[in-house]
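Participant: Just protein39.txt, nothing more (compact mmCIF, C-alpha atoms):
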```
# COMPACT_ATOMS: atom_id res chain seq x y z
CA MET A 1 0.00 0.00 0.00
CA ALA A 2 2.94 2.36 0.49
CA PRO A 3 3.63 2.69 -3.31
CA TYR A 4 0.08 3.91 -3.90
CA GLY A 5 0.52 6.68 -1.28
CA ARG A 6 3.68 7.87 -3.01
CA LEU A 7 1.88 7.87 -6.40
CA TRP A 8 -0.94 9.99 -4.93
CA THR A 9 1.54 12.54 -3.60
CA LEU A 10 3.29 12.70 -6.99
CA LEU A 11 0.06 13.31 -8.84
CA PHE A 12 -0.91 16.22 -6.59
CA ALA A 13 2.53 17.69 -7.09
CA VAL A 14 2.00 17.52 -10.85
CA ILE A 15 -1.43 19.20 -10.47
CA TYR A 16 0.02 22.04 -8.40
CA CYS A 17 2.82 22.48 -10.94
CA LEU A 18 0.37 22.59 -13.84
CA GLU A 19 -1.78 25.11 -12.02
CA GLY A 20 1.26 27.34 -11.74
CA ILE A 21 2.05 26.93 -15.44
CA ALA A 22 -1.54 27.66 -16.42
CA CYS A 23 -1.61 30.82 -14.32
CA ALA A 24 1.62 31.92 -15.84
CA LEU A 25 0.48 31.24 -19.40
CA GLY A 26 -3.06 32.51 -18.96
CA PRO A 27 -2.67 35.85 -20.76
CA THR A 28 -0.78 34.27 -23.60
CA LEU A 29 -3.34 31.54 -24.11
CA GLY A 30 -6.10 34.18 -23.99
CA SER A 31 -4.60 36.06 -26.94
CA GLY A 32 -5.01 33.00 -29.23
CA GLU A 33 -8.05 31.27 -30.61
CA THR A 34 -8.17 28.68 -27.78
CA GLU A 35 -10.46 29.42 -24.87
CA PRO A 36 -8.44 30.51 -21.84
CA GLY A 37 -7.88 27.73 -19.24
CA LEU A 38 -9.47 25.00 -21.42
CA ASP A 39 -6.41 22.77 -21.67
CA TYR A 40 -5.84 23.10 -17.98
CA GLN A 41 -9.44 22.12 -17.18
CA LYS A 42 -9.22 19.05 -19.43
CA LEU A 43 -6.02 18.02 -17.75
CA VAL A 44 -7.55 18.45 -14.30
CA ALA A 45 -10.59 16.40 -15.39
CA LYS A 46 -8.36 13.57 -16.62
CA LEU A 47 -6.36 13.67 -13.43
CA GLU A 48 -9.55 13.46 -11.37
CA ILE A 49 -10.64 10.39 -13.38
CA LEU A 50 -7.20 8.88 -12.86
CA ASP A 51 -7.41 9.74 -9.16
CA THR A 52 -10.76 7.92 -8.90
CA LYS A 53 -9.34 4.84 -10.60
CA ILE A 54 -6.30 4.90 -8.37
CA THR A 55 -8.52 5.22 -5.30
CA ARG A 56 -10.57 2.23 -6.42
CA VAL A 57 -7.45 0.19 -7.10
CA GLU A 58 -6.07 1.20 -3.73
CA VAL A 59 -9.27 0.19 -1.89
CA ALA A 60 -9.44 -3.10 -3.79
CA SER A 61 -5.76 -3.74 -3.07
CA ARG A 62 -6.26 -3.04 0.61
CA GLU A 63 -9.18 -5.49 0.75
CA GLN A 64 -7.21 -8.10 -1.19
CA PHE A 65 -4.15 -7.59 1.00
CA SER A 66 -6.29 -7.89 4.14
CA SER A 67 -7.77 -11.12 2.77
CA LEU A 68 -4.32 -12.49 1.88
CA GLU A 69 -2.99 -11.48 5.29
CA SER A 70 -5.84 -13.38 6.98
CA LYS A 71 -5.23 -16.43 4.79
CA LEU A 72 -1.51 -16.23 5.54
CA ASP A 73 -2.24 -16.21 9.30
CA LYS A 74 -4.40 -19.29 8.88
CA ILE A 75 -1.68 -21.01 6.83
CA LEU A 76 0.95 -20.19 9.47
CA LYS A 77 -1.27 -21.59 12.23
CA LEU A 78 -1.91 -24.69 10.14
CA VAL A 79 1.83 -25.16 9.52
CA ASP A 80 2.47 -24.77 13.24
CA ASN A 81 -0.17 -27.40 14.04
CA ILE A 82 1.27 -29.72 11.39
CA SER A 83 4.75 -29.25 12.85
CA GLN A 84 3.50 -30.19 16.30
CA SER A 85 1.65 -33.19 14.87
CA VAL A 86 4.78 -34.33 13.00
CA HIS A 87 6.79 -34.10 16.23
CA THR A 88 4.16 -36.17 18.06
CA VAL A 89 4.06 -38.73 15.25
CA GLN A 90 7.87 -39.01 15.29
CA LYS A 91 7.77 -39.76 19.01
CA ASP A 92 5.03 -42.32 18.47
CA ILE A 93 7.01 -43.93 15.64
CA GLY A 94 10.04 -44.21 17.92
CA ALA A 95 7.93 -45.91 20.60
CA VAL A 96 6.42 -48.29 18.03
CA ARG A 97 9.89 -49.19 16.78
CA GLU A 98 10.95 -50.09 20.31
CA ASP A 99 7.80 -52.19 20.76
CA ILE A 100 8.48 -53.97 17.46
CA LYS A 101 12.05 -54.71 18.52
CA LEU A 102 10.88 -56.15 21.85
CA PHE A 103 8.19 -58.16 20.08
CA GLN A 104 10.72 -59.61 17.62
CA ASN A 105 13.04 -60.69 20.44
CA HIS A 106 10.15 -62.22 22.38
CA SER A 107 8.69 -63.88 19.27
CA HIS A 108 11.95 -65.71 18.58
CA GLY A 109 11.81 -67.40 21.97
CA GLN A 110 8.08 -68.10 21.66
CA LEU A 111 8.59 -69.71 18.24
CA GLN A 112 11.14 -72.10 19.68
CA ALA A 113 8.80 -72.79 22.58
CA LEU A 114 5.88 -73.57 20.27
CA THR A 115 8.08 -75.90 18.23
CA GLY A 116 9.05 -77.80 21.37
CA SER A 117 5.45 -77.90 22.61
CA ALA A 118 4.25 -79.19 19.26
CA SER A 119 6.77 -82.03 19.43
CA ILE A 120 5.59 -82.95 22.92
CA ILE A 121 1.91 -82.90 21.90
CA GLU A 122 2.68 -85.00 18.83
CA SER A 123 4.50 -87.64 20.88
CA LEU A 124 1.64 -87.72 23.41
CA LEU A 125 -0.93 -88.17 20.63
CA VAL A 126 1.11 -91.01 19.07
CA GLU A 127 1.49 -92.72 22.43
CA GLY A 128 -2.23 -92.33 23.20
CA HIS A 129 -3.15 -93.78 19.82
CA ARG A 130 -0.75 -96.71 20.34
CA GLN A 131 -2.18 -97.50 23.77
CA LYS A 132 -5.72 -97.27 22.47
CA GLN A 133 -4.98 -99.72 19.68
CA ALA A 134 -3.19 -102.06 22.08
CA GLN A 135 -6.31 -102.42 24.30
CA PRO A 136 -8.25 -105.68 23.68
CA VAL A 137 -11.67 -105.36 22.12
CA ARG A 138 -14.45 -106.54 24.44
CA SER A 139 -17.73 -107.83 23.16
CA GLU A 140 -19.61 -107.39 26.43
CA PRO A 141 -21.05 -104.01 27.44
CA THR A 142 -18.67 -101.68 29.24
CA ILE A 143 -19.58 -101.15 32.86
CA VAL A 144 -18.93 -97.64 34.16
CA ARG A 145 -18.17 -97.50 37.86
CA THR A 146 -17.76 -94.48 40.07
CA ILE A 147 -14.48 -94.85 41.93
CA PRO A 148 -13.91 -92.68 45.01
CA ALA A 149 -11.22 -90.10 44.38
CA GLU A 150 -9.32 -91.23 47.51
CA GLN A 151 -8.49 -94.57 45.83
CA ASN A 152 -6.45 -92.77 43.18
CA LEU A 153 -4.42 -90.72 45.66
CA PHE A 154 -0.84 -91.44 46.64
CA ASP A 155 1.33 -89.80 49.26
CA SER A 156 4.36 -89.85 46.93
CA CYS A 157 5.42 -91.01 43.47
CA ASP A 158 7.36 -93.98 44.85
CA VAL A 159 4.10 -95.80 45.57
CA ALA A 160 2.37 -94.77 42.32
CA PRO A 161 2.32 -97.19 39.35
CA ARG A 162 5.84 -97.53 37.91
CA ASN A 163 4.86 -98.62 34.40
CA ALA A 164 5.10 -95.11 32.91
CA SER A 165 5.98 -91.52 33.75
CA ARG A 166 2.77 -89.50 34.05
CA ILE A 167 0.73 -87.09 36.13
CA GLU A 168 -0.55 -88.46 39.44
CA LYS A 169 -2.53 -86.91 42.29
CA LEU A 170 -0.66 -86.74 45.58
CA LEU A 171 -1.75 -86.00 49.14
CA PRO A 172 1.41 -86.07 51.29
CA ASP A 173 -0.50 -86.22 54.58
CA LEU A 174 -3.46 -88.46 53.85
CA GLY A 175 -6.59 -87.03 55.39
CA PHE A 176 -5.18 -83.50 55.63
CA GLY A 177 -5.20 -80.75 53.01
CA GLU A 178 -6.16 -80.95 49.36
CA PRO A 179 -4.59 -83.31 46.80
CA PHE A 180 -2.60 -81.81 43.95
CA PRO A 181 -1.24 -83.10 40.63
CA VAL A 182 2.47 -83.75 40.07
CA PHE A 183 4.52 -85.30 37.30
CA CYS A 184 5.99 -88.62 38.42
CA ASP A 185 9.21 -89.59 36.62
CA GLN A 186 9.29 -93.39 36.70
CA GLU A 187 12.24 -93.76 34.33
CA TYR A 188 15.10 -91.91 36.03
CA GLU A 189 17.06 -94.10 38.49
CA SER A 190 14.34 -96.73 39.08
CA GLY A 191 11.53 -94.15 39.25
CA GLY A 192 9.55 -92.67 42.10
CA TRP A 193 10.73 -89.08 41.44
CA ILE A 194 8.57 -85.95 41.74
CA VAL A 195 9.55 -83.23 39.27
CA ILE A 196 9.43 -79.82 40.99
CA GLN A 197 11.01 -77.76 38.19
CA ASN A 198 11.40 -78.45 34.48
CA ARG A 199 12.86 -76.22 31.74
CA PHE A 200 14.09 -77.21 28.30
CA ASN A 201 13.03 -74.70 25.60
CA GLY A 202 12.12 -71.33 27.10
CA SER A 203 8.39 -71.67 26.32
CA VAL A 204 7.39 -70.50 29.82
CA ASP A 205 8.41 -67.15 31.29
CA PHE A 206 9.96 -67.78 34.74
CA TYR A 207 10.35 -64.10 35.71
CA ARG A 208 7.22 -63.99 37.86
CA GLY A 209 5.88 -62.80 41.19
CA TRP A 210 5.54 -64.30 44.65
CA LYS A 211 1.97 -65.61 44.28
CA GLU A 212 2.79 -67.60 41.14
CA TYR A 213 5.91 -69.16 42.65
CA LYS A 214 3.92 -70.01 45.75
CA ASN A 215 1.09 -71.74 43.82
CA GLY A 216 3.04 -72.98 40.80
CA PHE A 217 2.73 -72.31 37.06
CA GLY A 218 3.29 -73.86 33.66
CA ASN A 219 2.30 -77.23 32.16
CA LEU A 220 3.21 -80.49 33.94
CA TYR A 221 3.87 -82.07 30.53
CA GLY A 222 6.09 -79.14 29.52
CA GLU A 223 7.94 -76.39 31.36
CA PHE A 224 6.72 -75.66 34.89
CA TRP A 225 7.40 -74.77 38.52
CA LEU A 226 5.45 -77.05 40.90
CA GLY A 227 4.85 -74.43 43.59
CA LEU A 228 6.57 -73.62 46.90
CA ASP A 229 3.50 -74.57 48.96
CA LYS A 230 3.50 -78.05 47.40
CA ILE A 231 7.28 -78.45 47.72
CA HIS A 232 7.01 -77.53 51.41
CA ALA A 233 4.12 -79.99 51.97
CA LEU A 234 6.08 -82.80 50.33
CA THR A 235 9.47 -82.20 51.97
CA TYR A 236 7.94 -81.79 55.44
CA SER A 237 5.80 -84.94 55.18
CA ALA A 238 8.85 -87.20 54.97
CA PRO A 239 12.61 -87.05 54.27
CA TYR A 240 13.33 -86.25 50.61
CA GLU A 241 16.49 -86.16 48.52
CA LEU A 242 17.08 -83.79 45.60
CA HIS A 243 18.61 -84.40 42.19
CA VAL A 244 19.28 -81.54 39.75
CA LEU A 245 19.78 -82.64 36.13
CA LEU A 246 21.49 -80.10 33.84
CA GLU A 247 22.39 -80.01 30.14
CA ASP A 248 24.26 -77.48 28.00
CA PHE A 249 23.81 -76.74 24.29
CA ASN A 250 26.51 -79.27 23.41
CA ASN A 251 24.17 -81.93 24.86
CA PHE A 252 26.54 -82.56 27.75
CA THR A 253 24.59 -83.65 30.85
CA VAL A 254 25.56 -83.53 34.52
CA VAL A 255 23.76 -84.04 37.82
CA ALA A 256 23.98 -82.55 41.30
CA LYS A 257 22.69 -84.83 44.09
CA TYR A 258 21.77 -83.80 47.63
CA SER A 259 21.01 -86.46 50.22
CA HIS A 260 18.34 -84.37 51.93
CA PHE A 261 16.23 -81.38 50.89
CA ALA A 262 13.45 -79.43 52.62
CA VAL A 263 11.77 -76.05 52.13
CA GLY A 264 10.05 -74.13 54.94
CA ASN A 265 6.55 -72.67 54.83
CA GLU A 266 5.48 -69.19 53.72
CA GLN A 267 5.99 -67.73 57.20
CA GLU A 268 9.63 -68.81 56.82
CA SER A 269 9.70 -67.30 53.31
CA PHE A 270 10.11 -70.83 51.88
CA ALA A 271 13.75 -70.94 53.00
CA VAL A 272 15.99 -73.94 52.29
CA THR A 273 15.79 -75.35 55.80
CA LYS A 274 17.58 -78.64 55.09
CA LEU A 275 20.19 -79.57 52.49
CA GLY A 276 22.19 -82.76 52.74
CA GLU A 277 25.58 -83.79 51.39
CA TYR A 278 26.43 -83.10 47.76
CA SER A 279 27.59 -85.67 45.21
CA GLY A 280 27.55 -85.82 41.41
CA THR A 281 29.16 -84.35 38.30
CA ALA A 282 27.68 -80.84 38.09
CA GLY A 283 29.52 -79.29 41.02
CA ASP A 284 27.88 -77.98 44.17
CA GLY A 285 25.83 -74.95 43.16
CA LEU A 286 23.25 -75.05 45.98
CA SER A 287 25.00 -75.44 49.35
CA TYR A 288 25.82 -71.73 49.32
CA HIS A 289 22.08 -71.04 49.41
CA LYS A 290 21.26 -73.24 52.41
CA GLY A 291 19.23 -71.24 54.94
CA SER A 292 18.42 -68.50 52.41
CA LYS A 293 14.87 -67.28 51.87
CA PHE A 294 13.15 -67.36 48.50
CA SER A 295 12.88 -64.06 46.59
CA THR A 296 10.82 -62.95 43.59
CA MET A 297 10.55 -59.73 41.60
CA ASP A 298 7.88 -58.43 44.00
CA MET A 299 9.09 -60.04 47.25
CA ASN A 300 12.67 -59.27 48.23
CA ASN A 301 13.96 -61.61 50.96
CA ASP A 302 17.62 -61.19 50.04
CA VAL A 303 20.28 -60.02 52.48
CA GLN A 304 19.74 -56.37 53.42
CA GLY A 305 21.00 -54.01 50.74
CA ASN A 306 20.54 -56.60 47.97
CA ASN A 307 17.68 -57.46 45.63
CA GLY A 308 18.69 -60.66 43.87
CA ALA A 309 15.44 -61.38 42.05
CA VAL A 310 15.57 -58.02 40.26
CA ASP A 311 19.36 -57.93 39.85
CA TRP A 312 19.52 -61.45 38.38
CA THR A 313 16.07 -61.42 36.65
CA GLY A 314 14.85 -64.62 38.25
CA ALA A 315 13.41 -66.15 41.43
CA TRP A 316 15.65 -68.15 43.78
CA TRP A 317 17.16 -68.46 47.23
CA TYR A 318 19.45 -65.46 46.69
CA LYS A 319 22.11 -64.42 49.22
CA LYS A 320 24.27 -61.49 48.12
CA GLY A 321 24.39 -63.00 44.66
CA HIS A 322 24.17 -66.68 43.76
CA TYR A 323 25.98 -69.87 42.81
CA SER A 324 22.94 -71.07 40.85
CA ASN A 325 19.99 -69.32 39.18
CA LEU A 326 17.90 -72.03 37.55
CA ASN A 327 14.82 -69.80 37.33
CA GLY A 328 16.71 -67.04 35.48
CA GLN A 329 16.22 -66.02 31.86
CA TYR A 330 16.40 -68.63 29.09
CA LEU A 331 19.24 -67.13 27.01
CA LEU A 332 20.56 -69.89 24.70
CA GLY A 333 24.11 -70.57 25.86
CA LYS A 334 27.01 -68.11 26.04
CA VAL A 335 25.90 -64.58 26.92
CA ASP A 336 27.34 -61.07 26.80
CA HIS A 337 29.10 -60.59 30.14
CA THR A 338 28.33 -56.86 30.23
CA LYS A 339 24.57 -57.37 29.77
CA PHE A 340 23.55 -60.80 31.05
CA HIS A 341 26.20 -61.89 33.55
CA GLY A 342 24.47 -64.17 36.06
CA LYS A 343 21.00 -63.43 34.66
CA GLY A 344 20.51 -66.64 32.69
CA MET A 345 19.60 -70.18 33.75
CA THR A 346 22.97 -70.77 35.39
CA TRP A 347 24.80 -73.28 37.59
CA ASN A 348 28.12 -71.66 38.37
CA PRO A 349 30.26 -74.79 39.01
CA PHE A 350 29.13 -76.32 35.70
CA ARG A 351 29.38 -73.61 33.01
CA GLY A 352 29.82 -70.40 35.00
CA ASP A 353 27.64 -67.30 35.24
CA ASP A 354 28.04 -66.27 31.58
CA TYR A 355 26.40 -69.41 30.19
CA SER A 356 22.64 -70.03 30.17
CA LEU A 357 21.89 -73.76 30.16
CA LYS A 358 19.67 -75.69 27.78
CA ARG A 359 17.90 -77.94 30.30
CA SER A 360 17.20 -77.93 34.02
CA ARG A 361 15.16 -80.57 35.83
CA MET A 362 14.84 -80.57 39.63
CA MET A 363 13.40 -83.77 41.14
CA ILE A 364 12.81 -85.01 44.68
CA LYS A 365 12.27 -88.54 45.96
CA ARG A 366 11.23 -89.83 49.33
CA VAL A 367 14.05 -91.42 51.31
CA LEU A 368 12.66 -94.47 53.05
CA SER A 369 15.71 -95.04 55.22
CA LEU A 370 17.54 -91.95 56.44
```
Could you express the structure from this file as structure tokens?
Facilitator:
Amino acid sequence: MAPYGRLWTLLFAVIYCLEGIACALGPTLGSGETEPGLDYQKLVAKLEILDTKITRVEVASREQFSSLESKLDKILKLVDNISQSVHTVQKDIGAVREDIKLFQNHSHGQLQALTGSASIIESLLVEGHRQKQAQPVRSEPTIVRTIPAEQNLFDSCDVAPRNASRIEKLLPDLGFGEPFPVFCDQEYESGGWIVIQNRFNGSVDFYRGWKEYKNGFGNLYGEFWLGLDKIHALTYSAPYELHVLLEDFNNFTVVAKYSHFAVGNEQESFAVTKLGEYSGTAGDGLSYHKGSKFSTMDMNNDVQGNNGAVDWTGAWWYKKGHYSNLNGQYLLGKVDHTKFHGKGMTWNPFRGDDYSLKRSRMMIKRVLSL
């Protein structure tokens, strides 16, 4: 709009100049045939027309500029909003990328777990089909009888049928408490063993809280933790020994044997109250923990100033660190010392704290003569 103001000023200057010229030339013009002041009046009339056009253009320009200015403000606000939205989207994209990375890492372990579980289910289906076909065909009607549940209860796996390893219902103190299922291993060392922990493919997450370790979790035909309440009930009903079977990713197996094993109740924080003499090929990775209380991610019973369950990403009888961590992460062998030292499924005397084992199987058996 400034150029139009300058043009207006210039035009008035021209008019004033012409008025001066006309006044000066008036007598001369009057002596000719032309009417005095006529040219001047025509010029003034043209300038007035031009002035009107300029005024119109100026008004239109001001309105157009005002409209453009308003549109520009809206565009600037829109750009600002878009910029903020882009920033938010970039943050969201970063979060999604992290989630995708975590999902990929977790999916790899789950895929291996599903493969292992599928193999187990397949073998169970084949065995079930074989047993079904092996049964003799009877021509007489089948008689269905209701058998009291108590007749199928045992107080330990050493008195359960030894023909096959399977799930049985146990009631350690007959007449007291509720029965619970366990997996009886009838193949290892003449049978009669109760499996209290089993890991072999990482299909079950063992980084869990106090309630789950108290009650137990997992699948008795796969990976599982029997439950501290059940382990206490068993080991306080009679003397029990403990065998810990371990295997690395080179398929090398070892065993740690303890002549006696007992776990206290919840009021005692499920501490290892009894642990007998060690023997075997794995090295003694448990005697260090004798007397220690059990800790989980949400229940720290470690020595004051320590938090083993969180530090070592597991659940165990921690005591200012550990010599074994069989409920740690399933990490597939050799690990990065700076990131996963002592955080895997470890047994220090066997492969050290920077190696996460392939298999861990903890089993107890009643000792009839102690």
Participant: From the set A:Val204, A:Leu72, A:Ile196, A:Ala315, which residue has the shortest atom-to-atom contact distance to Asp229 in chain A, counting all atoms listed in the file?
Facilitator: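 Of all the options, A:Ile196 lies closest to Asp229 in chain A.
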Participant: Select, from A:Asn325, A:Ser165, A:Ser66, A:Ser295, the residue with the minimum atom-to-atom distance to Glu266 in chain A, counting only C-alpha atoms.
Facilitator: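 Closest to Glu266 in chain A of all the choices is A:Ser295.
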Participant: Could you give me, as an MDAnalysis selection string, the residues that have an atom at most 8 Å away from the point (4.7, -71.6, 35.9) in the coordinates of the file, using all atoms listed in the file?
Facilitator: chainID A and resid 204:206 212:213 216:219 223:226
Participant: Out of A:Ala160, A:Val244, A:Leu78, A:Val367, which residue has the shortest atom-to-atom distance to Val195 in chain A when counting all atoms listed in the file?
Facilitator: A:Val244
Participant: Could you pull the residues within 12 Å of Tyr288 in chain A, counting all atoms listed in the file, minus those fewer than 2 positions along the same chain, as a list in words?
Facilitator: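 Here the answer would be Val272, Leu275, Tyr278, Gly283, Asp284, Gly285, Leu286, Lys290, Gly291, Ser292, Trp317, Tyr318, Lys319, Lys320, Gly321, His322, Tyr323, Ser324, Asn325, Trp347, Asn348 and Pro349 of chain A.
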Participant: What separation in Å, quoted to one decimal, exists between CA of Asp354 in chain A and CA of His337 in chain A?
Facilitator: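 According to the coordinates, CA of Asp354 in chain A and CA of His337 in chain A are separated by 6.0 Å.
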Participant: Please report the interatomic distance between CA of Thr313 in chain A and CA of Asp298 in chain A in Å with one decimal.
Facilitator: 11.4 Å
Participant: Of the residues A:Phe200, A:Tyr221, A:Tyr355, A:Trp210, which is the one nearest to Pro181 in chain A, using only C-alpha atoms?
Facilitator: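 With only C-alpha atoms as the atom set, the closest residue is A:Tyr221.
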Participant: How close does each residue of range 141-251 of chain A get to range 303-309 of chain A, giving the shortest atom pair and distance in Å to one decimal for every residue with an atom at most 10 Å away, counting only C-alpha atoms, sorted by chain and residue number, as JSON lines?
Facilitator:
```
{"residue": "A:Tyr207", "atom": "CA", "partner": "A:Ala309", "partner_atom": "CA", "distance": 8.6}
{"residue": "A:Arg208", "atom": "CA", "partner": "A:Ala309", "partner_atom": "CA", "distance": 9.6}
{"residue": "A:Gly209", "atom": "CA", "partner": "A:Ala309", "partner_atom": "CA", "distance": 9.7}
```
Participant: Could you write out the selected residues, including C-alpha atoms, as a PDB file, in the coordinates of the input?
Facilitator:
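Listing of again_34.pdb after writing:
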```pdb
ATOM      1  CA  TYR A 207      10.350 -64.100  35.710  1.00  0.00           C
ATOM      2  CA  ARG A 208       7.220 -63.990  37.860  1.00  0.00           C
ATOM      3  CA  GLY A 209       5.880 -62.800  41.190  1.00  0.00           C
TER       4      GLY A 209
END
```
Participant: Expressed in Å to a single decimal, how great is the separation between CA of Asn301 in chain A and CA of Thr346 in chain A?
Facilitator: 20.2 Å
Participant: When distances are computed from only C-alpha atoms, which of A:Val44, A:Leu331, A:Ala238, A:Val182 shows the smallest separation from Ala262 in chain A?
Facilitator: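 Closest residue, counting only C-alpha atoms: A:Ala238.
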Participant: Could you tell me, as a PyMOL selection string, which residues have any atom at most 8 Å from (24.6, -81.5, 40.9), counting all atoms listed in the file?
Facilitator: chain A and resi 243-246+254-258+278-285
Participant: With C-alpha atoms retained, write the just-selected residues as a tab-separated table (two decimals), keeping the file's coordinate frame.
Facilitator:
```
chain	number	residue	atom	x	y	z
A	243	HIS	CA	18.61	-84.40	42.19
A	244	VAL	CA	19.28	-81.54	39.75
A	245	LEU	CA	19.78	-82.64	36.13
A	246	LEU	CA	21.49	-80.10	33.84
A	254	VAL	CA	25.56	-83.53	34.52
A	255	VAL	CA	23.76	-84.04	37.82
A	256	ALA	CA	23.98	-82.55	41.30
A	257	LYS	CA	22.69	-84.83	44.09
A	258	TYR	CA	21.77	-83.80	47.63
A	278	TYR	CA	26.43	-83.10	47.76
A	279	SER	CA	27.59	-85.67	45.21
A	280	GLY	CA	27.55	-85.82	41.41
A	281	THR	CA	29.16	-84.35	38.30
A	282	ALA	CA	27.68	-80.84	38.09
A	283	GLY	CA	29.52	-79.29	41.02
A	284	ASP	CA	27.88	-77.98	44.17
A	285	GLY	CA	25.83	-74.95	43.16
```
Participant: Determine the nearest neighbour of Leu220 in chain A from the options A:Ser190, A:Phe270, A:Lys169, A:Ser61, counting all atoms listed in the file.
Facilitator: A:Lys169
